[in-house]
Amino acid sequence: MIGYLGVDVGSVSTNIVLINEDNQVLENLYLRTQGQPIRTVQQGLKKLAQHLPISTVIKGVGTTGSARHLSAVMVGADVVKNEITAHAVAASQQVPGVQTVLEIGGQDSKIIILRNGVVADFAMNTVCAAGTGSFLDQQASRLNTPIEEFGTLALKSTTPVRIAGRCAVFAESDMIHKQQMGFELPDIVAGLCEALVRNYLNNVGKGKEILGPVVFQGGVAANVGMRKAFEKELGLEVIIPQNYDVMGAMGAALLAKEAVAKGQPTKFKGFGIADVNFAVGSFECDGCPNMCEVVEINEEAITIARWGDRCGKWANALVREQSKIS
Amino acid sequence: MKVTFPHMGYLYVCVKGLLEYLDIEVILPPPTSKRTLTLGTKYGPEFACMPLKLNLGNMIEASELGADTLIMIGGCGPCRFGYYAQVEYAILKDLGYHYNMVVLEPPDKHISELTTRIRKITGNKSWVQVIKAIRFAYQKSRAVDEVELMSFKIRPRELVLGETDRALAKAIKEIDNAASPQQLQLALLRSKDIMNSVAIDPNRPVIKIALIGEIYTLLDPFSNLNIERHLGRLGVEVDRSIYLSEWINDHLFMGLLKGIRSTKEYCQSAAPFLNHFVGGHGLETIGSVSVYAKRGYHGAIQLFPFTCMPEIVAQSILPKVGDALAMPVMTLIVDEHSGEAGMITRLEAFVDLLTRKREFKAN
Ligand code: SF4
């Protein structure tokens with residue numbers, strides 16, 4: 001079997017997917033990063049290797065997510081791409097001609113505007129840490145409803161309650177208030193979805209021209225209530241792709257496939273890296289008043305990468321190869 | 001008298017050249033660093049834009065080194081920069097840093113207002129000498145711009161990562177050290193040699209991106225988080241809509257020197273989208289997009305400090321301009337909260353997709 005790996009390491013979750021030559025997702029792994037990206041990637045690869053037939057050949061690896069550079073030097077990636085490109089590429093592959101990608105994960109949300117197949121504009125939430133995904137999780141458990149049914153519940157509503165959605169803290173207290181006033185649960189849940197959608201469009205999607213086809217992806221896309229709220233607010237059909245929750249990893253795998261298609265052999269270090277000793281160290285440079293915190297990645301006591309220096313003095317000391325993969 | 005002035009990229013080479021030519025003692029603020037920004041943010045008003053905060057930090061750090069006289073540029077028009085000098089002066093005074101401040105700004109009533117202010121610094125030097133010094137400073141700015149332009153072409157093609165940055169630093173030092181027009185001529189030749197000695201791959205395909213927007217954030221690598229270097233390393237040849245020498249020619253010499261690129265071209269090209277002055281460089285920002293589109297650039301990045309009014313006006317018009325010219329334009333807004341990682345993610349995404357667009361076109 002021949003496959004391509006995509007690794008998406010974010011602050012909350014880590015996804016690893018394996019796609020075949022036909023761009024189909026064969027394996028799909030979801031792990032909690034828990035602040036330990038190195039350990040998580042190693043565990044993920046180990047798990048994956050156990051699933052796969054011995055004859056599996058990995059022809060390319062791509063990494064994305066906030067720890068993309070770290071995971072790239074660990075696994076020996078052929079491409080390192082940021083989340084925006086990876087998500088856009090995966091969305092274009094699943095829904096050709098897509099012009100808008102709405103992405104809401106556990107902690108992050110972003111909007112990507114594509115025109116003629118190119119990212120023309122994008123925005124990410126950077127300030128508010130109250131992630132929509134985790135917030136929905138919390139509310140579902142507070143209302144004693146399994147998160148899977150949360151969205152369906154919203155669909156039963158005919159008259160959603162208006163909930164203040166400026167931020168999650170307001171939304172929560174306003175929702176409790178509406179509950180105490182005796183509104184029906186479906187109406188409250190539907191109102192909550194609408195509030196979150198308004199909040200997203202006002203903060204992340206501010207000023208962007210949203211044209212169809214619109215793709216909605218990320219963990220929250222599983223919530224049908226959110227999808228309906230988007231459709232209502234935008235007046236457009238909202239498409240949820242098949243692999244909506246692993247689009248970052250999938251994009252990375254697609255990009256890896258594209259990269260090695262040009263003929264270069266993969267740099268993948270093999271599943272054996274699950275047992276290698278990686279260590280991260282850091283030091284404060286005293287070269288100038290910037291006092292950069294320089295991070296070092298060591299593989300079996302050899303420094304394989306460094307970053308964090310403003311002037312480039314430390315990163316430059318290592319070879320071009322490694323920094324050039326990005 | 002120990003004179004200082006705030007940083008803005010390589011402005012110091014030119015102003016220091018001018019003052020030292022007139023035998024005035026100069027104390028340069030230390031290179032802008034995190035400490036500068038921390039000081040500026042601590043003492044500057046929260047709502048002010050980043051240039052004010054960095055200027056303030058520079059002034060405090062220069063004062064620590066013994067500077068007692070401060071030169072600031074003033075201005076008029078809708079941009080707040082015009083009164084920054086006064087605000088900074090008041091803050092410094094409150095903090096107990098005592099400076100004589102000389103604000104150079106277009107005179108209100110009579111040219112003598114300006115000349116008396118210049119006299120405060122130049123003392124009894126003859127006007128002929130002052131004019132010679134200004135010419136020398138201008139030549140320095142030309143020289144700096146020339147090597148910077150070379151670096152834009154070389155960086156995306158360099159074979160050894162970081163070589164261009166090392167060469168550029170050396171080249172600028174050569175120019176900075178030249179004390180007379182004769183020395184400067186030689187220094188420029190040497191610095192060009194230094195730049196040309198960087199090993200490159202001339203056939204590497206590059207993407208061309210224009211950096212447009214507000215002057216301070218365009219010229220100052222600290223404030224724009226070294227955007228030119230990041231782009232260069234992503235294989236991008238950049239150009240900037242503003243160079244110091246052009247700005248001097250346009251604004252101080254009233255465009256007297258011919259045959260030099262001028263921002264007039266930008267203002268004229270803005271016409272279908274924006275027809276009047278909106279302060280700062282807003283009009284130029286709009287117009288520069290079509291100029292660069294005509295020159296075959298693949299995309300443009302607008303840079304400005306958070307809360308910069310003229311650029312916000314431009315930003316709201318840019319999507320239309322980009323659409324009309326089929327030129328992707330991205331906006332980056334910087335302030336003290338900007339993280340380098342976030343900016344790199346955005347740059348990578350932008351460059352990637354320009355590259356993909358080009359590849360798709362080619363196929
Ligand atoms: S890494 Fe470079 S910029 Fe950072 S503190 Fe050291 S010398 Fe200064």
# chains A, B, ... in the order shown; residues from 1 in each chain; ligands from 1
>>> residues_near_ligand(ligand="ligand 1", cutoff="7 Å", atoms="only C-alpha atoms and all ligand atoms", output="PDB file with N, CA and C atoms, in the first residue's frame")
ATOM      1  N   CYS A 285      19.021  34.700  24.711  1.00  0.00           N
ATOM      2  CA  CYS A 285      20.234  35.248  24.112  1.00  0.00           C
ATOM      3  C   CYS A 285      20.548  36.582  24.772  1.00  0.00           C
ATOM      4  N   ASP A 286      21.830  36.823  25.072  1.00  0.00           N
ATOM      5  CA  ASP A 286      22.155  38.120  25.657  1.00  0.00           C
ATOM      6  C   ASP A 286      22.932  38.983  24.669  1.00  0.00           C
ATOM      7  N   GLY A 287      22.721  38.685  23.387  1.00  0.00           N
ATOM      8  CA  GLY A 287      23.438  39.410  22.341  1.00  0.00           C
ATOM      9  C   GLY A 287      23.019  40.872  22.189  1.00  0.00           C
ATOM     10  N   CYS A 288      21.790  41.187  22.550  1.00  0.00           N
ATOM     11  CA  CYS A 288      21.314  42.563  22.409  1.00  0.00           C
ATOM     12  C   CYS A 288      20.070  42.742  23.271  1.00  0.00           C
ATOM     13  N   PRO A 289      19.544  43.981  23.368  1.00  0.00           N
ATOM     14  CA  PRO A 289      18.396  44.192  24.279  1.00  0.00           C
ATOM     15  C   PRO A 289      17.117  43.457  23.882  1.00  0.00           C
ATOM     16  N   ASN A 290      17.093  42.813  22.725  1.00  0.00           N
ATOM     17  CA  ASN A 290      15.887  42.053  22.377  1.00  0.00           C
ATOM     18  C   ASN A 290      15.684  40.849  23.285  1.00  0.00           C
ATOM     19  N   MET A 291      16.780  40.332  23.798  1.00  0.00           N
ATOM     20  CA  MET A 291      16.738  39.190  24.715  1.00  0.00           C
ATOM     21  C   MET A 291      15.800  38.082  24.237  1.00  0.00           C
ATOM     22  N   CYS A 292      16.026  37.640  23.014  1.00  0.00           N
ATOM     23  CA  CYS A 292      15.147  36.627  22.427  1.00  0.00           C
ATOM     24  C   CYS A 292      15.235  35.320  23.195  1.00  0.00           C
ATOM     25  N   VAL A 294      15.413  31.758  22.583  1.00  0.00           N
ATOM     26  CA  VAL A 294      15.715  30.896  21.451  1.00  0.00           C
ATOM     27  C   VAL A 294      15.392  29.443  21.816  1.00  0.00           C
ATOM     28  N   ASP A 309      14.822  33.585  17.331  1.00  0.00           N
ATOM     29  CA  ASP A 309      15.734  34.735  17.331  1.00  0.00           C
ATOM     30  C   ASP A 309      15.311  35.751  16.285  1.00  0.00           C
ATOM     31  N   ARG A 310      15.274  37.011  16.722  1.00  0.00           N
ATOM     32  CA  ARG A 310      14.842  38.066  15.840  1.00  0.00           C
ATOM     33  C   ARG A 310      15.872  38.356  14.748  1.00  0.00           C
ATOM     34  N   CYS A 311      17.142  38.258  15.081  1.00  0.00           N
ATOM     35  CA  CYS A 311      18.167  38.674  14.132  1.00  0.00           C
ATOM     36  C   CYS A 311      18.605  37.541  13.229  1.00  0.00           C
ATOM     37  N   GLY A 312      18.225  36.327  13.544  1.00  0.00           N
ATOM     38  CA  GLY A 312      18.589  35.214  12.681  1.00  0.00           C
ATOM     39  C   GLY A 312      19.934  34.600  13.018  1.00  0.00           C
ATOM     40  N   LYS A 313      20.599  35.126  14.049  1.00  0.00           N
ATOM     41  CA  LYS A 313      21.946  34.663  14.353  1.00  0.00           C
ATOM     42  C   LYS A 313      21.979  33.172  14.717  1.00  0.00           C
ATOM     43  N   TRP A 314      20.963  32.702  15.437  1.00  0.00           N
ATOM     44  CA  TRP A 314      20.972  31.302  15.872  1.00  0.00           C
ATOM     45  C   TRP A 314      20.393  30.373  14.813  1.00  0.00           C
TER      46      TRP A 314
END
>>> select_by_dssp(residues="region 37-160 of chain B", states="helix (DSSP H, G or I)", output="NGL selection string")
:B and (37-43 or 50-64 or 81-95 or 111-122 or 127-157)
>>> atom_distance(atom1="CA of Gly322 (chain B)", atom2="CA of Asp220 (chain B)")
25.4 Å
>>> interface_residues(of="chain A", to="chain B", cutoff="10 Å", atoms="only C-alpha atoms", output="VMD selection string")
chain A and resid 65 to 66 80 to 86 88 to 89 114 to 124 126 207 to 209 288 to 292 308 310 to 313 315 to 321 323 to 326
>>> write_last_selection(atoms="C-alpha atoms", output="PDB file, in the first residue's frame")
ATOM      1  CA  GLY A  65      -0.787  23.644  12.592  1.00  0.00           C
ATOM      2  CA  SER A  66       0.849  25.861  15.147  1.00  0.00           C
ATOM      3  CA  VAL A  80       5.463  22.468   6.022  1.00  0.00           C
ATOM      4  CA  LYS A  81       2.390  24.547   5.385  1.00  0.00           C
ATOM      5  CA  ASN A  82       0.423  26.867   7.594  1.00  0.00           C
ATOM      6  CA  GLU A  83      -3.170  26.143   8.559  1.00  0.00           C
ATOM      7  CA  ILE A  84      -4.656  28.578   6.103  1.00  0.00           C
ATOM      8  CA  THR A  85      -3.097  27.026   3.041  1.00  0.00           C
ATOM      9  CA  ALA A  86      -3.738  23.490   4.270  1.00  0.00           C
ATOM     10  CA  ALA A  88      -7.871  26.008   1.691  1.00  0.00           C
ATOM     11  CA  VAL A  89      -6.240  23.227  -0.309  1.00  0.00           C
ATOM     12  CA  LEU A 114     -10.756  32.095  -2.190  1.00  0.00           C
ATOM     13  CA  ARG A 115     -11.090  33.630  -5.625  1.00  0.00           C
ATOM     14  CA  ASN A 116     -10.084  31.684  -8.712  1.00  0.00           C
ATOM     15  CA  GLY A 117      -8.638  28.989  -6.534  1.00  0.00           C
ATOM     16  CA  VAL A 118      -6.341  31.387  -4.682  1.00  0.00           C
ATOM     17  CA  VAL A 119      -6.634  32.578  -1.114  1.00  0.00           C
ATOM     18  CA  ALA A 120      -7.492  36.217  -1.655  1.00  0.00           C
ATOM     19  CA  ASP A 121      -8.079  37.070   1.961  1.00  0.00           C
ATOM     20  CA  PHE A 122      -8.253  35.440   5.337  1.00  0.00           C
ATOM     21  CA  ALA A 123      -8.617  36.225   9.000  1.00  0.00           C
ATOM     22  CA  MET A 124      -8.092  34.310  12.200  1.00  0.00           C
ATOM     23  CA  THR A 126      -6.385  35.839  17.795  1.00  0.00           C
ATOM     24  CA  GLY A 207     -15.704  43.143   6.072  1.00  0.00           C
ATOM     25  CA  LYS A 208     -15.164  40.010   4.000  1.00  0.00           C
ATOM     26  CA  GLU A 209     -17.285  39.349   0.966  1.00  0.00           C
ATOM     27  CA  CYS A 288      21.314  42.563  22.409  1.00  0.00           C
ATOM     28  CA  PRO A 289      18.396  44.192  24.279  1.00  0.00           C
ATOM     29  CA  ASN A 290      15.887  42.053  22.377  1.00  0.00           C
ATOM     30  CA  MET A 291      16.738  39.190  24.715  1.00  0.00           C
ATOM     31  CA  CYS A 292      15.147  36.627  22.427  1.00  0.00           C
ATOM     32  CA  GLY A 308      12.806  32.424  18.081  1.00  0.00           C
ATOM     33  CA  ARG A 310      14.842  38.066  15.840  1.00  0.00           C
ATOM     34  CA  CYS A 311      18.167  38.674  14.132  1.00  0.00           C
ATOM     35  CA  GLY A 312      18.589  35.214  12.681  1.00  0.00           C
ATOM     36  CA  LYS A 313      21.946  34.663  14.353  1.00  0.00           C
ATOM     37  CA  ALA A 315      18.660  29.938  13.210  1.00  0.00           C
ATOM     38  CA  ASN A 316      21.179  30.841  10.515  1.00  0.00           C
ATOM     39  CA  ALA A 317      23.856  28.821  12.239  1.00  0.00           C
ATOM     40  CA  LEU A 318      22.078  25.680  11.078  1.00  0.00           C
ATOM     41  CA  VAL A 319      21.910  24.581   7.449  1.00  0.00           C
ATOM     42  CA  ARG A 320      19.559  26.010   4.876  1.00  0.00           C
ATOM     43  CA  GLU A 321      17.932  22.660   4.070  1.00  0.00           C
ATOM     44  CA  SER A 323      14.515  26.040   7.123  1.00  0.00           C
ATOM     45  CA  LYS A 324      13.902  25.796   3.419  1.00  0.00           C
ATOM     46  CA  ILE A 325      11.269  23.085   3.646  1.00  0.00           C
ATOM     47  CA  SER A 326       8.691  25.671   4.604  1.00  0.00           C
TER      48      SER A 326
END
>>> select_by_dssp(residues="region 9-85 of chain A", states="strand (DSSP E)", output="ChimeraX atom specification")
/A:9,13-19,25-32,57-64,79-80
>>> closest_residue(among="A:Gly133, A:Pro241, A:Gly10, A:Gly191", to="Val98 (chain A)", atoms="only C-alpha atoms")
A:Pro241
>>> closest_residue(among="B:Gly282, B:Gly232, B:Pro310, B:Gly17", to="Gln139 (chain B)", atoms="only C-alpha atoms")
B:Gly17
>>> residues_around(residues="Tyr43 (chain B)", least_positions_apart="4", cutoff="9 Å", atoms="only C-alpha atoms", output="list in words")
Thr38, Leu39, Lys53, Leu56, Gly57, Ile91, Leu92 and Leu95 of chain B
>>> write_last_selection(atoms="C-alpha atoms", output="tab-separated table (two decimals), in the first residue's frame")
chain	number	residue	atom	x	y	z
B	38	THR	CA	8.46	48.29	26.22
B	39	LEU	CA	9.49	51.78	27.33
B	53	LYS	CA	5.65	54.56	21.09
B	56	LEU	CA	9.34	57.78	22.60
B	57	GLY	CA	11.38	54.70	23.52
B	91	ILE	CA	5.58	63.03	28.12
B	92	LEU	CA	9.37	63.23	28.28
B	95	LEU	CA	9.13	61.77	33.11
>>> decode(residues="region 226-245 of chain A", atoms="N, CA, C and O atoms", output="CSV table (one decimal), in the first residue's frame")
chain,number,residue,atom,x,y,z
A,226,MET,N,-25.5,24.9,14.0
A,226,MET,CA,-24.6,25.9,13.6
A,226,MET,C,-24.7,26.1,12.1
A,226,MET,O,-24.7,27.2,11.5
A,227,ARG,N,-24.8,25.0,11.4
A,227,ARG,CA,-24.9,25.1,9.9
A,227,ARG,C,-26.1,25.8,9.5
A,227,ARG,O,-26.1,26.7,8.6
A,228,LYS,N,-27.2,25.5,10.2
A,228,LYS,CA,-28.5,26.1,9.8
A,228,LYS,C,-28.4,27.6,10.1
A,228,LYS,O,-28.9,28.5,9.3
A,229,ALA,N,-27.8,28.0,11.2
A,229,ALA,CA,-27.7,29.4,11.6
A,229,ALA,C,-26.9,30.1,10.6
A,229,ALA,O,-27.2,31.3,10.2
A,230,PHE,N,-25.8,29.5,10.1
A,230,PHE,CA,-25.0,30.1,9.0
A,230,PHE,C,-25.8,30.3,7.8
A,230,PHE,O,-25.8,31.4,7.2
A,231,GLU,N,-26.6,29.3,7.4
A,231,GLU,CA,-27.4,29.4,6.2
A,231,GLU,C,-28.4,30.5,6.3
A,231,GLU,O,-28.6,31.3,5.3
A,232,LYS,N,-29.0,30.6,7.4
A,232,LYS,CA,-30.0,31.7,7.7
A,232,LYS,C,-29.4,33.1,7.6
A,232,LYS,O,-29.9,34.0,6.9
A,233,GLU,N,-28.2,33.2,8.2
A,233,GLU,CA,-27.6,34.5,8.3
A,233,GLU,C,-27.0,34.9,7.0
A,233,GLU,O,-27.1,36.1,6.6
A,234,LEU,N,-26.5,34.0,6.2
A,234,LEU,CA,-25.8,34.3,5.0
A,234,LEU,C,-26.8,34.3,3.8
A,234,LEU,O,-26.5,34.8,2.7
A,235,GLY,N,-27.9,33.5,3.9
A,235,GLY,CA,-28.7,33.3,2.8
A,235,GLY,C,-28.1,32.5,1.7
A,235,GLY,O,-28.4,32.7,0.5
A,236,LEU,N,-27.2,31.6,2.1
A,236,LEU,CA,-26.5,30.8,1.1
A,236,LEU,C,-26.5,29.4,1.6
A,236,LEU,O,-26.5,29.1,2.8
A,237,GLU,N,-26.3,28.4,0.7
A,237,GLU,CA,-26.2,27.0,1.1
A,237,GLU,C,-24.8,26.9,1.7
A,237,GLU,O,-23.8,27.4,1.2
A,238,VAL,N,-24.7,26.1,2.8
A,238,VAL,CA,-23.4,25.9,3.4
A,238,VAL,C,-23.1,24.4,3.3
A,238,VAL,O,-23.9,23.5,3.7
A,239,ILE,N,-22.0,24.1,2.7
A,239,ILE,CA,-21.6,22.7,2.4
A,239,ILE,C,-20.6,22.2,3.5
A,239,ILE,O,-19.7,22.9,3.9
A,240,ILE,N,-20.9,21.0,4.0
A,240,ILE,CA,-20.0,20.4,5.0
A,240,ILE,C,-19.3,19.2,4.3
A,240,ILE,O,-19.9,18.2,4.0
A,241,PRO,N,-18.0,19.4,4.1
A,241,PRO,CA,-17.3,18.3,3.4
A,241,PRO,C,-17.2,17.0,4.3
A,241,PRO,O,-17.3,17.1,5.5
A,242,GLN,N,-16.9,15.9,3.6
A,242,GLN,CA,-16.9,14.6,4.2
A,242,GLN,C,-15.9,14.6,5.4
A,242,GLN,O,-16.3,14.1,6.5
A,243,ASN,N,-14.7,15.1,5.2
A,243,ASN,CA,-13.7,15.0,6.2
A,243,ASN,C,-13.6,16.3,7.0
A,243,ASN,O,-12.5,16.8,7.3
A,244,TYR,N,-14.7,16.9,7.3
A,244,TYR,CA,-14.7,18.3,7.8
A,244,TYR,C,-13.9,18.5,9.0
A,244,TYR,O,-13.4,19.6,9.3
A,245,ASP,N,-13.6,17.4,9.8
A,245,ASP,CA,-12.9,17.6,11.1
A,245,ASP,C,-11.4,17.4,11.0
A,245,ASP,O,-10.7,17.7,11.9
